[in-house]
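Colleague: Pasting structure24.csv below, which is CSV, C-alpha atoms and all ligand atoms.
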```
chain,number,residue,atom,x,y,z
A,1310,MET,CA,-11.8,17.2,-15.4
A,1311,ALA,CA,-8.4,18.7,-14.7
A,1312,LYS,CA,-8.4,22.1,-13.2
A,1313,PHE,CA,-4.7,22.3,-13.4
A,1314,ARG,CA,-2.6,22.1,-16.5
A,1315,LYS,CA,0.8,21.8,-14.9
A,1316,ILE,CA,2.0,20.9,-11.4
A,1317,GLY,CA,5.4,21.1,-9.8
A,1318,ILE,CA,6.9,18.5,-7.4
A,1319,LEU,CA,9.6,19.3,-4.9
A,1320,THR,CA,11.3,17.5,-2.0
A,1321,SER,CA,12.6,19.7,0.8
A,1322,GLY,CA,14.3,19.4,4.3
A,1323,GLY,CA,16.0,16.2,5.3
A,1324,ASP,CA,15.6,13.5,2.7
A,1325,ALA,CA,13.8,10.3,3.5
A,1326,PRO,CA,13.6,6.8,1.9
A,1327,GLY,CA,10.4,6.7,0.0
A,1328,MET,CA,10.5,10.2,-1.4
A,1329,ASN,CA,11.2,8.8,-4.9
A,1330,ALA,CA,8.2,6.5,-4.6
A,1331,ALA,CA,6.1,9.5,-3.8
A,1332,ILE,CA,7.5,11.5,-6.7
A,1333,ARG,CA,6.8,8.6,-9.0
A,1334,ALA,CA,3.2,8.3,-7.8
A,1335,VAL,CA,2.4,12.0,-8.1
A,1336,ALA,CA,4.0,12.2,-11.6
A,1337,ARG,CA,2.3,9.0,-12.9
A,1338,LYS,CA,-1.1,9.9,-11.6
A,1339,ALA,CA,-0.9,13.5,-12.8
A,1340,LEU,CA,0.3,12.6,-16.3
A,1341,ASP,CA,-2.3,9.9,-16.5
A,1342,GLU,CA,-4.9,12.6,-15.8
A,1343,GLY,CA,-3.5,14.8,-18.6
A,1344,VAL,CA,-1.7,17.2,-16.2
A,1345,GLU,CA,1.9,18.2,-17.1
A,1346,VAL,CA,4.5,17.6,-14.5
A,1347,VAL,CA,7.6,19.7,-13.7
A,1348,GLY,CA,10.3,18.5,-11.2
A,1349,ILE,CA,11.7,21.4,-9.1
A,1350,LEU,CA,15.3,20.6,-8.2
A,1351,GLY,CA,16.7,21.1,-4.7
A,1352,GLY,CA,13.6,22.0,-2.8
A,1353,TYR,CA,12.5,25.6,-2.4
A,1354,SER,CA,15.9,26.8,-3.6
A,1355,GLY,CA,15.1,25.2,-7.0
A,1356,LEU,CA,12.0,27.4,-7.1
A,1357,ILE,CA,14.1,30.5,-6.3
A,1358,LYS,CA,16.9,29.7,-8.7
A,1359,ASP,CA,14.6,28.4,-11.4
A,1360,LYS,CA,16.0,24.9,-11.6
A,1361,THR,CA,13.3,22.6,-13.1
A,1362,ILE,CA,13.0,19.6,-15.3
A,1363,ASP,CA,10.1,18.4,-17.4
A,1364,PHE,CA,8.7,15.0,-16.5
A,1365,ASN,CA,7.3,12.3,-18.8
A,1366,PRO,CA,6.1,8.9,-17.5
A,1367,ARG,CA,9.5,7.4,-18.1
A,1368,THR,CA,11.3,10.1,-16.1
A,1369,VAL,CA,10.2,8.2,-13.0
A,1370,SER,CA,11.0,4.7,-14.3
A,1371,ASN,CA,12.9,2.5,-11.8
A,1372,ILE,CA,13.1,5.1,-9.0
A,1373,ILE,CA,10.6,3.4,-6.7
A,1374,SER,CA,13.3,1.3,-5.1
A,1375,ARG,CA,15.9,4.1,-4.8
A,1376,GLY,CA,16.8,6.0,-1.6
A,1377,GLY,CA,17.4,9.7,-1.5
A,1378,THR,CA,15.5,11.9,-3.8
A,1379,VAL,CA,16.1,12.3,-7.6
A,1380,LEU,CA,14.8,15.9,-7.2
A,1381,TYR,CA,17.5,16.6,-4.6
A,1382,SER,CA,16.7,18.4,-1.3
A,1383,ASP,CA,17.8,21.4,0.5
A,1384,ARG,CA,17.3,23.6,3.5
A,1385,CYS,CA,16.7,27.1,2.1
A,1386,PRO,CA,16.5,30.0,4.5
A,1387,GLU,CA,16.1,32.4,1.6
A,1388,PHE,CA,12.6,31.0,0.9
A,1389,LYS,CA,11.5,32.5,4.3
A,1390,THR,CA,12.3,36.0,3.1
A,1391,GLU,CA,10.0,38.3,1.1
A,1392,ALA,CA,12.6,38.5,-1.7
A,1393,GLY,CA,13.0,34.7,-1.9
A,1394,MET,CA,9.3,34.1,-2.0
A,1395,LYS,CA,8.9,36.7,-4.7
A,1396,LYS,CA,11.5,34.9,-6.9
A,1397,ALA,CA,9.8,31.5,-6.2
A,1398,ILE,CA,6.4,32.8,-7.3
A,1399,GLU,CA,8.0,34.3,-10.4
A,1400,THR,CA,9.4,30.9,-11.3
A,1401,CYS,CA,5.9,29.4,-11.0
A,1402,TYR,CA,4.5,32.1,-13.3
A,1403,ARG,CA,7.3,31.7,-15.8
A,1404,HIS,CA,6.7,27.9,-16.1
A,1405,GLU,CA,3.0,28.2,-15.8
A,1406,ILE,CA,3.0,25.9,-12.7
A,1407,ASP,CA,-0.6,26.0,-11.4
A,1408,ALA,CA,0.0,23.9,-8.2
A,1409,ILE,CA,2.8,22.3,-6.2
A,1410,VAL,CA,3.1,19.0,-4.3
A,1411,ALA,CA,5.8,19.6,-1.6
A,1412,MET,CA,7.3,16.6,0.2
A,1413,GLY,CA,9.1,17.1,3.5
A,1414,GLY,CA,8.5,17.9,7.2
A,1415,ASP,CA,6.8,20.6,9.2
A,1416,GLY,CA,9.2,23.3,7.9
A,1417,THR,CA,8.4,22.3,4.3
A,1418,PHE,CA,4.6,22.6,5.1
A,1419,ARG,CA,5.1,26.1,6.5
A,1420,GLY,CA,6.6,27.0,3.1
A,1421,ALA,CA,3.8,25.2,1.4
A,1422,THR,CA,1.1,27.3,3.1
A,1423,ASP,CA,3.0,30.5,2.2
A,1424,LEU,CA,2.9,29.4,-1.4
A,1425,THR,CA,-0.9,28.7,-1.2
A,1426,ASN,CA,-1.4,32.1,0.4
A,1427,ARG,CA,0.5,33.7,-2.6
A,1428,GLY,CA,-1.8,32.1,-5.1
A,1429,ILE,CA,0.0,28.8,-5.9
A,1430,PRO,CA,-2.2,26.0,-4.4
A,1431,THR,CA,0.1,23.6,-2.6
A,1432,ILE,CA,-0.3,20.2,-1.0
A,1433,GLY,CA,2.1,18.6,1.4
A,1434,ILE,CA,3.2,14.9,1.7
A,1435,PRO,CA,4.9,14.0,5.0
A,1436,CYS,CA,8.3,12.7,4.3
A,1437,THR,CA,10.8,12.5,7.2
A,1438,ILE,CA,12.5,9.6,9.0
A,1439,ASP,CA,11.6,11.3,12.3
A,1440,ASN,CA,7.8,10.5,12.3
A,1441,ASP,CA,7.4,13.8,14.1
A,1442,ILE,CA,4.3,15.3,12.5
A,1443,THR,CA,1.4,15.2,14.9
A,1444,ALA,CA,-1.4,15.2,12.3
A,1445,THR,CA,-0.3,12.0,10.7
A,1446,ASP,CA,0.3,8.6,12.4
A,1447,TYR,CA,3.0,7.9,9.9
A,1448,THR,CA,5.6,9.8,7.8
A,1449,ILE,CA,7.3,8.3,4.8
A,1450,GLY,CA,10.8,7.2,5.6
A,1451,PHE,CA,10.2,6.2,9.2
A,1452,ASP,CA,10.0,2.4,8.6
A,1453,SER,CA,13.0,2.3,6.3
A,1454,ALA,CA,15.2,4.3,8.7
A,1455,MET,CA,14.1,2.0,11.6
A,1456,ASN,CA,14.9,-1.1,9.7
A,1457,THR,CA,18.3,0.1,8.8
A,1458,THR,CA,18.9,1.1,12.4
A,1459,LEU,CA,17.6,-2.2,13.6
A,1460,ASN,CA,20.0,-4.2,11.3
A,1461,MET,CA,22.9,-2.2,12.6
A,1462,ILE,CA,21.9,-2.6,16.2
A,1463,ASP,CA,21.6,-6.4,15.6
A,1464,CYS,CA,25.2,-6.4,14.3
A,1465,LEU,CA,26.3,-4.6,17.5
A,1466,ARG,CA,24.5,-7.2,19.5
A,1467,ASP,CA,26.6,-10.0,18.0
A,1468,THR,CA,29.9,-8.4,18.8
A,1469,CYS,CA,28.7,-7.2,22.3
A,1470,GLU,CA,27.7,-10.8,23.1
A,1471,SER,CA,31.1,-12.1,22.0
A,1472,HIS,CA,33.0,-9.5,24.1
A,1473,LYS,CA,30.7,-9.1,27.1
A,1474,ARG,CA,30.1,-5.4,26.3
A,1475,CYS,CA,27.6,-2.7,26.2
A,1476,ASN,CA,26.9,-0.6,23.2
A,1477,VAL,CA,25.1,2.8,23.5
A,1478,VAL,CA,23.7,3.8,20.2
A,1479,GLU,CA,22.6,7.3,19.3
A,1480,VAL,CA,20.0,7.7,16.6
A,1481,MET,CA,18.5,10.6,14.8
A,1482,GLY,CA,15.0,11.9,15.2
A,1483,ARG,CA,15.5,15.5,16.3
A,1484,ASP,CA,13.1,16.1,19.2
A,1485,CYS,CA,11.1,12.9,18.5
A,1486,GLY,CA,12.2,9.7,20.2
A,1487,GLN,CA,10.2,7.3,18.1
A,1488,ILE,CA,13.1,5.8,16.1
A,1489,ALA,CA,15.0,5.2,19.3
A,1490,LEU,CA,12.0,3.8,21.1
A,1491,TYR,CA,10.8,1.4,18.5
A,1492,THR,CA,14.3,0.1,17.6
A,1493,ALA,CA,15.1,-0.4,21.3
A,1494,MET,CA,12.0,-2.5,21.6
A,1495,ALA,CA,12.7,-4.5,18.5
A,1496,SER,CA,16.4,-5.1,19.3
A,1497,GLY,CA,15.8,-6.2,22.9
A,1498,ALA,CA,17.7,-3.2,24.2
A,1499,VAL,CA,17.9,-2.7,28.0
A,1500,ALA,CA,16.6,0.8,27.6
A,1501,ALA,CA,15.4,3.5,25.3
A,1502,VAL,CA,16.3,7.1,26.3
A,1503,ILE,CA,14.0,9.6,24.6
A,1504,PRO,CA,13.1,13.2,25.0
A,1505,GLU,CA,9.4,12.5,25.6
A,1506,VAL,CA,9.8,10.5,28.8
A,1507,PRO,CA,11.9,11.4,31.9
A,1508,PHE,CA,14.9,9.0,32.1
A,1509,ASP,CA,15.9,7.4,35.4
A,1510,GLU,CA,19.6,6.8,35.0
A,1511,GLY,CA,20.0,5.3,38.5
A,1512,GLU,CA,17.3,2.7,37.8
A,1513,LEU,CA,19.0,1.6,34.6
A,1514,LEU,CA,22.4,1.3,36.2
A,1515,ALA,CA,20.9,-0.7,39.1
A,1516,ARG,CA,19.1,-3.0,36.7
A,1517,MET,CA,22.2,-3.5,34.5
A,1518,LYS,CA,24.1,-4.4,37.7
A,1519,GLN,CA,21.5,-7.1,38.6
A,1520,LEU,CA,21.6,-8.4,35.1
A,1521,LEU,CA,25.4,-8.6,35.2
A,1522,VAL,CA,25.2,-10.6,38.4
A,1523,ALA,CA,22.6,-12.9,36.7
A,1524,GLY,CA,25.1,-13.6,33.9
A,1525,LYS,CA,23.9,-11.3,31.1
A,1526,ARG,CA,26.8,-10.7,28.6
A,1527,SER,CA,25.5,-8.1,26.1
A,1528,TYR,CA,23.7,-4.8,26.7
A,1529,LEU,CA,22.3,-2.3,24.2
A,1530,VAL,CA,20.9,1.1,25.0
A,1531,VAL,CA,19.3,3.3,22.3
A,1532,VAL,CA,19.4,7.0,22.9
A,1533,SER,CA,17.7,9.6,20.8
A,1534,GLU,CA,19.9,12.5,19.6
A,1535,GLY,CA,17.3,14.9,21.2
A,1536,VAL,CA,18.2,13.9,24.7
A,1537,LEU,CA,20.6,16.5,26.1
A,1538,THR,CA,22.3,17.1,29.4
A,1539,ALA,CA,21.5,20.2,31.5
A,1540,ASP,CA,24.4,22.0,29.8
A,1541,GLY,CA,23.2,21.1,26.3
A,1542,LYS,CA,25.5,18.2,25.5
A,1543,LYS,CA,24.3,15.0,23.7
A,1544,TYR,CA,23.6,12.4,26.4
A,1545,GLY,CA,24.4,9.1,24.6
A,1546,GLU,CA,28.2,9.3,24.7
A,1547,ILE,CA,28.1,10.5,28.4
A,1548,LEU,CA,25.9,7.6,29.4
A,1549,SER,CA,28.2,5.1,27.7
A,1550,LYS,CA,31.2,6.4,29.7
A,1551,LYS,CA,29.1,6.3,32.9
A,1552,ILE,CA,28.1,2.7,32.3
A,1553,GLU,CA,31.7,1.7,32.0
A,1554,SER,CA,33.0,3.7,35.0
A,1555,ASP,CA,30.1,2.9,37.4
A,1556,LEU,CA,29.5,-0.8,36.5
A,1557,GLY,CA,32.8,-1.9,35.1
A,1558,ILE,CA,31.0,-3.1,31.9
A,1559,GLU,CA,33.1,-2.3,28.9
A,1560,SER,CA,31.0,0.1,26.8
A,1561,ARG,CA,31.3,1.5,23.3
A,1562,PHE,CA,29.4,4.3,21.8
A,1563,ALA,CA,28.0,4.5,18.2
A,1564,ARG,CA,26.3,7.4,16.4
A,1565,PHE,CA,24.4,6.1,13.4
A,1566,ALA,CA,23.6,9.7,12.2
A,1567,HIS,CA,22.8,10.2,8.5
A,1568,VAL,CA,23.5,6.6,7.4
A,1569,VAL,CA,19.9,5.6,8.3
A,1570,ARG,CA,18.5,8.3,6.0
A,1571,GLY,CA,19.8,6.4,3.0
A,1572,GLY,CA,19.1,3.1,1.4
A,1573,SER,CA,16.3,1.4,-0.5
A,1574,PRO,CA,12.9,2.2,1.0
A,1575,SER,CA,10.9,-0.6,2.7
A,1576,LEU,CA,7.6,-1.9,1.3
A,1577,ARG,CA,5.8,0.1,4.0
A,1578,ASP,CA,7.4,3.3,2.7
A,1579,ARG,CA,6.8,2.6,-1.0
A,1580,PHE,CA,3.2,1.6,-0.3
A,1581,THR,CA,2.4,4.6,1.8
A,1582,ALA,CA,4.3,7.0,-0.6
A,1583,THR,CA,2.3,5.7,-3.5
A,1584,ARG,CA,-1.1,6.0,-1.8
A,1585,MET,CA,-0.3,9.5,-0.5
A,1586,GLY,CA,1.1,10.6,-3.9
A,1587,VAL,CA,-2.1,9.6,-5.7
A,1588,CYS,CA,-4.3,11.2,-3.0
A,1589,ALA,CA,-2.4,14.5,-3.3
A,1590,VAL,CA,-3.1,14.6,-7.1
A,1591,GLU,CA,-6.8,13.6,-6.6
A,1592,CYS,CA,-7.2,16.5,-4.1
A,1593,LEU,CA,-5.7,19.0,-6.5
A,1594,LEU,CA,-7.9,17.8,-9.3
A,1595,GLU,CA,-10.9,18.2,-7.0
A,1596,GLY,CA,-9.8,21.9,-6.5
A,1597,LYS,CA,-8.5,21.4,-3.0
A,1598,SER,CA,-5.3,22.8,-1.6
A,1599,ASN,CA,-3.4,23.9,1.5
A,1600,LEU,CA,-3.7,20.3,2.7
A,1601,VAL,CA,-1.3,17.8,4.1
A,1602,ILE,CA,-2.0,14.2,3.2
A,1603,CYS,CA,-2.0,12.1,6.4
A,1604,GLU,CA,-2.4,8.5,7.6
A,1605,ARG,CA,-4.9,8.2,10.4
A,1606,ASP,CA,-5.9,4.8,11.7
A,1607,SER,CA,-4.5,3.1,8.5
A,1608,LYS,CA,-6.6,5.4,6.2
A,1609,ILE,CA,-5.1,8.0,3.9
A,1610,VAL,CA,-6.9,11.3,4.7
A,1611,GLU,CA,-6.4,15.0,3.9
A,1612,MET,CA,-6.0,17.6,6.6
A,1613,ASP,CA,-5.8,21.4,6.4
A,1614,ILE,CA,-2.1,22.4,6.7
A,1615,ASN,CA,-2.8,25.2,9.1
A,1616,TYR,CA,-4.7,22.8,11.4
A,1617,ALA,CA,-1.9,20.3,11.1
A,1618,LEU,CA,0.8,22.9,11.9
A,1619,ALA,CA,-1.2,24.2,14.9
A,1620,ALA,CA,-1.8,20.6,16.2
A,1621,ASP,CA,2.0,20.0,15.9
A,1622,ARG,CA,2.8,23.2,17.8
A,1623,MET,CA,0.3,22.1,20.5
A,1624,TYR,CA,1.9,18.7,20.9
A,1625,LYS,CA,5.4,20.2,21.0
A,1626,ASN,CA,4.3,22.9,23.5
A,1627,ARG,CA,5.3,25.6,21.0
A,1628,LEU,CA,2.0,27.4,20.7
A,1629,LYS,CA,2.4,31.1,20.5
A,1630,ASP,CA,-0.3,33.7,21.2
A,1631,GLY,CA,-2.8,33.8,18.4
A,1632,ASP,CA,-1.8,30.4,17.0
A,1633,LEU,CA,-5.3,29.0,17.7
A,1634,ASP,CA,-7.2,32.0,16.5
A,1635,GLY,CA,-9.5,31.0,13.7
A,1636,PHE,CA,-10.0,27.5,14.9
A,1637,ASP,CA,-13.4,26.6,16.4
A,1638,ALA,CA,-13.7,24.9,19.8
A,1639,GLU,CA,-14.3,21.5,18.2
A,1640,SER,CA,-11.1,21.7,16.1
A,1641,ILE,CA,-9.1,22.7,19.2
A,1642,GLU,CA,-10.6,19.7,21.1
A,1643,ARG,CA,-9.6,17.4,18.2
A,1644,MET,CA,-6.0,18.8,18.3
A,1645,LYS,CA,-5.9,18.2,22.0
A,1646,ALA,CA,-7.1,14.6,21.5
A,1647,LEU,CA,-4.4,14.1,18.8
A,1648,SER,CA,-1.7,15.3,21.1
A,1649,LEU,CA,-2.9,13.2,24.0
A,1650,GLN,CA,-3.2,10.1,21.8
A,1651,ARG,CA,0.4,10.6,20.6
A,1652,LYS,CA,1.8,11.0,24.1
A,1653,GLU,CA,-0.1,8.0,25.3
A,1654,ASN,CA,1.1,5.8,22.4
A,1655,ILE,CA,4.7,6.7,23.1
A,1656,GLU,CA,4.3,6.2,26.9
A,1657,THR,CA,2.8,2.8,26.3
A,1658,VAL,CA,5.6,1.6,24.1
A,1659,TYR,CA,8.2,3.0,26.6
A,1660,ARG,CA,6.5,1.0,29.4
A,1661,VAL,CA,6.7,-2.2,27.3
A,1662,VAL,CA,10.4,-1.7,26.6
A,1663,GLY,CA,10.9,-1.4,30.4
A,1664,GLU,CA,8.8,-4.4,31.1
A,1665,THR,CA,10.6,-6.7,28.6
A,1666,SER,CA,14.2,-5.8,29.5
A,1667,LYS,CA,14.6,-7.2,33.0
A,1701,LIG,P1,11.5,19.8,7.3
A,1701,LIG,O1,10.6,20.1,6.2
A,1701,LIG,O2,12.1,18.4,7.2
A,1701,LIG,O3,11.0,20.2,8.7
A,1701,LIG,P2,13.1,22.2,7.5
A,1701,LIG,O4,12.6,22.7,8.8
A,1701,LIG,O5,14.6,22.4,7.2
A,1701,LIG,O6,12.9,20.7,7.1
A,1701,LIG,O7,12.3,23.0,6.3
A,1701,LIG,C1,12.5,22.8,5.0
A,1701,LIG,C2,12.5,24.1,4.2
A,1701,LIG,O8,11.1,24.7,4.4
A,1701,LIG,C3,13.4,25.2,4.8
A,1701,LIG,O9,14.7,25.1,4.3
A,1701,LIG,C4,12.7,26.5,4.2
A,1701,LIG,O10,13.0,26.7,2.9
A,1701,LIG,C5,11.2,26.1,4.3
A,1701,LIG,N1,10.7,26.6,5.6
A,1701,LIG,C6,10.9,26.2,6.8
A,1701,LIG,N2,10.2,27.0,7.7
A,1701,LIG,C7,9.6,27.9,7.0
A,1701,LIG,C8,8.7,29.0,7.4
A,1701,LIG,N3,8.4,29.2,8.7
A,1701,LIG,N4,8.2,29.7,6.4
A,1701,LIG,C9,8.4,29.4,5.1
A,1701,LIG,N5,9.3,28.4,4.7
A,1701,LIG,C10,9.8,27.7,5.6
A,1702,LIG,O1,14.6,15.6,10.1
A,1702,LIG,C1,15.4,14.6,9.7
A,1702,LIG,C2,16.8,14.6,10.3
A,1702,LIG,O2,17.6,13.6,9.8
A,1702,LIG,C3,16.8,14.6,11.8
A,1702,LIG,O3,16.6,13.3,12.3
A,1702,LIG,C4,18.1,15.2,12.1
A,1702,LIG,O4,18.2,15.8,13.4
A,1702,LIG,C5,18.3,16.2,11.0
A,1702,LIG,O5,17.5,15.8,10.0
A,1702,LIG,C6,19.7,16.3,10.5
A,1702,LIG,O6,19.8,17.4,9.6
A,1702,LIG,P1,21.0,17.6,8.6
A,1702,LIG,O7,20.7,16.7,7.5
A,1702,LIG,O8,20.8,19.0,8.2
A,1702,LIG,O9,22.2,17.3,9.3
```
Step by step, read the file and then write its structure as structure tokens.

Modeller:
Amino acid sequence: MAKFRKIGILTSGGDAPGMNAAIRAVARKALDEGVEVVGILGGYSGLIKDKTIDFNPRTVSNIISRGGTVLYSDRCPEFKTEAGMKKAIETCYRHEIDAIVAMGGDGTFRGATDLTNRGIPTIGIPCTIDNDITATDYTIGFDSAMNTTLNMIDCLRDTCESHKRCNVVEVMGRDCGQIALYTAMASGAVAAVIPEVPFDEGELLARMKQLLVAGKRSYLVVVSEGVLTADGKKYGEILSKKIESDLGIESRFARFAHVVRGGSPSLRDRFTATRMGVCAVECLLEGKSNLVICERDSKIVEMDINYALAADRMYKNRLKDGDLDGFDAESIERMKALSLQRKENIETVYRVVGETSK
């Protein structure tokens, strides 16, 4: 049945809890189907530098619960160059790697499609804490990162309540505010400040003033790292100072940064990683490639990578001339619907955070 004799697995870009569970699922499923498995170390740079390890079913024992990635990860600008790509393809030929499963975010998928175009069929699995890939409702790592964030915010709540303070928390997510938005809702924060929705600073300060008068002791504000001032500075720390100076509420600032990218993956992430990993191998065995495995309406589905990347650029207003060439009218309408649905979902949660923090 197997069209492929050997597949490579790599993890690339920012690591995410659940990558190991996905590696395990791909390896176990492929080996079970009689396909050899090679781990490529350090993302695309491992392909360029020929750093690989052979897998057997025991290589992936006991990694399902571990954070990080046993294959290591990297950001590798050289892979975008012609010379880098040539070395990567040579490594595939040298090891007789017939296909690759690449785990990461949108940058990783751009690399994946380049590999497919050069004759190495590649399939992407979305792994990033940011949940910022438009084609999929969910990216592996999002739930774990949010739970870690939430636990830390809950700790801040305790000390804020004792000391009658505010804590402004800055969380990762790049240009996507979902980690900030969801954890703000779940921690009972007074506000989420995210790149996707215009923020009314005056309204927040007025509301906090009212709450102070009404006897509220602790205040939490969760700000996404992607929110910047007009002169490009990160907004969270500035807002914290403003709360203290304008309202007289003592305010502290905390930047959680990379800490929420580590730690043991949640059940949600292990579960999704396992389903997506198995689906990726099944697709390859069916002769399919240049796909990204997605979750849509709780189902694991495959989508063309080029379609997924174009939908992503559409949502992020980054479409360039020609990006939609080659897609029929129906596909473009579906991309528009995806973008709209994503925007509406975020706006709905944002509204609820506002409605429940008065
Ligand atoms: P993520 O996959 O999390 O979005 P990056 O944007 O850093 O993370 O991308 C991961 C890697 O994917 C990069 O280091 C690079 O090797 C590769 N990559 C990114 N963009 C491209 C591109 N346009 N073409 C080819 N490879 C790319
Ligand atoms: O994409 C994941 C992510 O953690 C973002 O949330 C963050 O902006 C970025 O990666 C940080 O990148 P680095 O690990 O290179 O500092």

Colleague: What is the CA of Asp1606 in chain A to CA of Asn1654 in chain A distance in Å?

Modeller: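 Taking CA of Asp1606 in chain A and CA of Asn1654 in chain A, their separation equals 12.8 Å.
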
Colleague: Neighbouring residues of ligand LIG 1702 (chain A) are defined here as those with any atom at most 6 Å from a ligand atom, counting only C-alpha atoms and all ligand atoms; list them as a count of residues only.

Modeller: 7

Colleague: Pick from A:Ile1357, A:Cys1603, A:Leu1520, A:Ile1332: nearest to ligand LIG 1701 (chain A), with only C-alpha atoms and all ligand atoms counted?

Modeller: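 Of A:Ile1357, A:Cys1603, A:Leu1520, A:Ile1332, the one nearest ligand LIG 1701 (chain A), counting only C-alpha atoms and all ligand atoms, is A:Ile1357.
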
Colleague: At a cut-off of 6 Å and counting all atoms listed in the file, what residues surround ligand LIG 1701 (chain A)? Please answer as a ChimeraX atom specification.

Modeller: /A:1321-1323,1353,1384-1386,1388-1389,1413-1417,1419-1420

Colleague: Using all atoms listed in the file for the distances, tell me which of A:Ala1334, A:Ile1349, A:Ala1500, A:Cys1469 is nearest to Ile1406 in chain A.

Modeller: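 Between A:Ala1334, A:Ile1349, A:Ala1500, A:Cys1469, the residue approaching Ile1406 in chain A most closely is A:Ile1349.
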
Colleague: Give the answer as one residue: which of A:Ile1552, A:Ile1373, A:Met1455, A:Val1590 has the shortest atom-to-atom distance to Glu1345 in chain A, using only C-alpha atoms?

Modeller: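 Smallest distance to Glu1345 in chain A is found for A:Val1590.
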
Colleague: In Å, with one decimal, what is the gap from CA of Ser1374 in chain A to CA of Ala1330 in chain A?

Modeller: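 Here the two named atoms are 7.3 Å from each other.
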
Colleague: From the set A:Glu1559, A:Glu1664, A:Glu1611, A:Glu1510, which residue has the shortest atom-to-atom contact distance to Tyr1544 in chain A, counting all atoms listed in the file?

Modeller: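 With all atoms listed in the file as the atom set, the closest residue is A:Glu1510.
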
Colleague: Rounded to one decimal, what separation in Å do you get between CA of Leu1576 in chain A and CA of Cys1588 in chain A?

Modeller: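 Result for CA of Leu1576 in chain A versus CA of Cys1588 in chain A: 18.2 Å, one decimal.
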
Colleague: So, counting only C-alpha atoms, which residue among A:Ser1549, A:Thr1458, A:Ser1554, A:Asn1426 is closest to Ala1495 in chain A?

Modeller: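 Under the stated criterion, the closest residue is A:Thr1458.
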
Colleague: Here is a test: counting only C-alpha atoms, which residue of A:Arg1605, A:Lys1315, A:Arg1622, A:Arg1577 is nearest to Asn1456 in chain A?

Modeller: A:Arg1577
